[in-house]
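For reference, the structure is listed below as C-alpha cells.
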Amino acid sequence: MTKKPPPRPLAPRRPTPGRPGPEARLPEPRQRPVERVVPPDPSPQPLPQPSPQPSPQPLPEPPSGPPSLPAALGDGGGRWAVLAVLLAVVVLTYVGLRAGPGLGSDGAAGPAPQDALGTRPPATLPAVGSFVESRIGADGRVHVVQWVRSGTPLRGLDLGLPAVPTVSRSVRAVDVRVTADGRPVPGPGTVGGPGAHVALPDAATTVAIRYTLEGLVERSSSARGRALVQATALEVRYGDRRGPTRVQVVSPGVLSLACVDATSTLPRPCGSPGSGRWNVELRGDAREDAVQAQVDLG
C-alpha cells in the first residue's frame, strides 16, 4: 500500500485589489479597577448644651400698710424738698387766682388781666401822661384798662364820656374799678352821660381804672360784620394833665383807626398797625381826642 504524501500547507491568500479582506480585530482595552468610595457617617453631631441660667430671686414682699411720714420723707434733705414743693404749689395757686382771663374761650379779646391793676404799671406808661389798652370783643364790648401817672400827687379825678359829637350819650362804662398807687379805692361802679368823680383817700401819683364800655358799636347795613366803635376809652380829667396819651387797640378785626376832637365831626386817620393791635400817641391839644376803630366783627 502506497502512502500518500501529507498535504502541503496552503499559502496565505493575497488580497485581491478592490475586495475587502477579513476584518482586523482590535485588542480590547483594559479596564481600570473601580475604587469603592465609603460615604461619611450621616449620624448628627451632638449640639452644645446652653449654660444654665440663674433662677430669678423672689421679690421682697411690700409692706402691708402705708409708710409712715418720717420714712416717706427721709431724714434731712428729702423732708425739706417736699415742703418746698408744697410751698411752690400754694404760691402758684394764689397767683393763678389773682390773674384774670386775657382771651375768651372763643378766641375773642376778653377783659384785661387783673395784673394790669396791680402795683406794677406797664412799660408803655409815660413818666408823666397816660396809657390806654382797649380790647374789642366779638360782641362789640370794649374792655379797657386806663393808666394815669401825674407829676404831682392827686386827690381825685373825674371820669366821663368823650366830649365829641360822634359819641352817643347812651354809652356807658360798667364794672368800674380803681386802684391808686396799687391800692383799691371805692369807685362809681357805672359811668354814663353825667360822668362820675372818684375821690382818692390818700394822695397818689399813679392811678389805674378798669371798666367795660357798652353801646359803642354802630354796625354797617351794607357790609356784613363791619362796624364802627365810636370810642375806645373814657375821658379822664385830673389836675396836672401833662405828657402824651398812648392808646393801644387790641383786636384781630381792627381795620383802621381814626381820631376826632370836640370841635369837629370829621375823623382823621391816625395810628399804625402792629401784631394784632393798633397804636396811636396823642400829644398837646389832641390828648383829649376820641379814638375810633373800624372793625370786622365777623
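Quick note on naming: the chains in the C-alpha cells go A, B, ... in the order shown, residues restart at 1 in each chain, and ligands are numbered from 1 in order of appearance.
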
- request: Extract the full set of strand (DSSP E or B) residues from region 239-277 of chain A according to DSSP on the backbone, and format it as a VMD selection string.
  value: chain A and resid 245 to 250 254 to 260 268 to 270 272 to 273 277

task: Determine, counting only C-alpha atoms, which protein, DNA and RNA residues have an atom within 8 Å of an atom of region 253-255 of chain A; residues of the same chain fewer than 6 positions away are not included. Present the result as an MDAnalysis selection string.
output: chainID A and resid 277:278 293:297

Spatial neighbours of region 206-212 of chain A, max dist 6 Å, only C-alpha atoms, sep filter under 3 positions, as a PyMOL selection string: chain A and resi 117+142-149+173-181

DSSP on the backbone: what in region 100-241 of chain A comes out helix (DSSP H, G or I), as a CSV table (one decimal) with N, CA, C and O atoms, in the first residue's frame?
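Contents of part.csv, as written:
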```csv
chain,number,residue,atom,x,y,z
A,114,GLN,N,-56.1,140.9,85.6
A,114,GLN,CA,-56.2,141.6,86.9
A,114,GLN,C,-54.8,142.2,87.2
A,114,GLN,O,-54.7,143.2,87.8
A,115,ASP,N,-53.7,141.6,86.7
A,115,ASP,CA,-52.4,142.1,86.9
A,115,ASP,C,-52.2,143.5,86.4
A,115,ASP,O,-51.4,144.3,86.8
A,116,ALA,N,-53.1,143.9,85.4
A,116,ALA,CA,-53.0,145.3,84.9
A,116,ALA,C,-53.3,146.3,85.9
A,116,ALA,O,-53.0,147.5,85.8
A,117,LEU,N,-54.1,145.9,86.9
A,117,LEU,CA,-54.4,146.8,88.0
A,117,LEU,C,-53.5,146.6,89.2
A,117,LEU,O,-53.9,147.0,90.3
```

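The coordinates place CA of Ala258 (chain A) at 15.6 Å from CA of Gly274 (chain A).
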
Computed interatomic separation between CA of Val280 (chain A) and CA of Gln248 (chain A) (Å): 6.6 Å
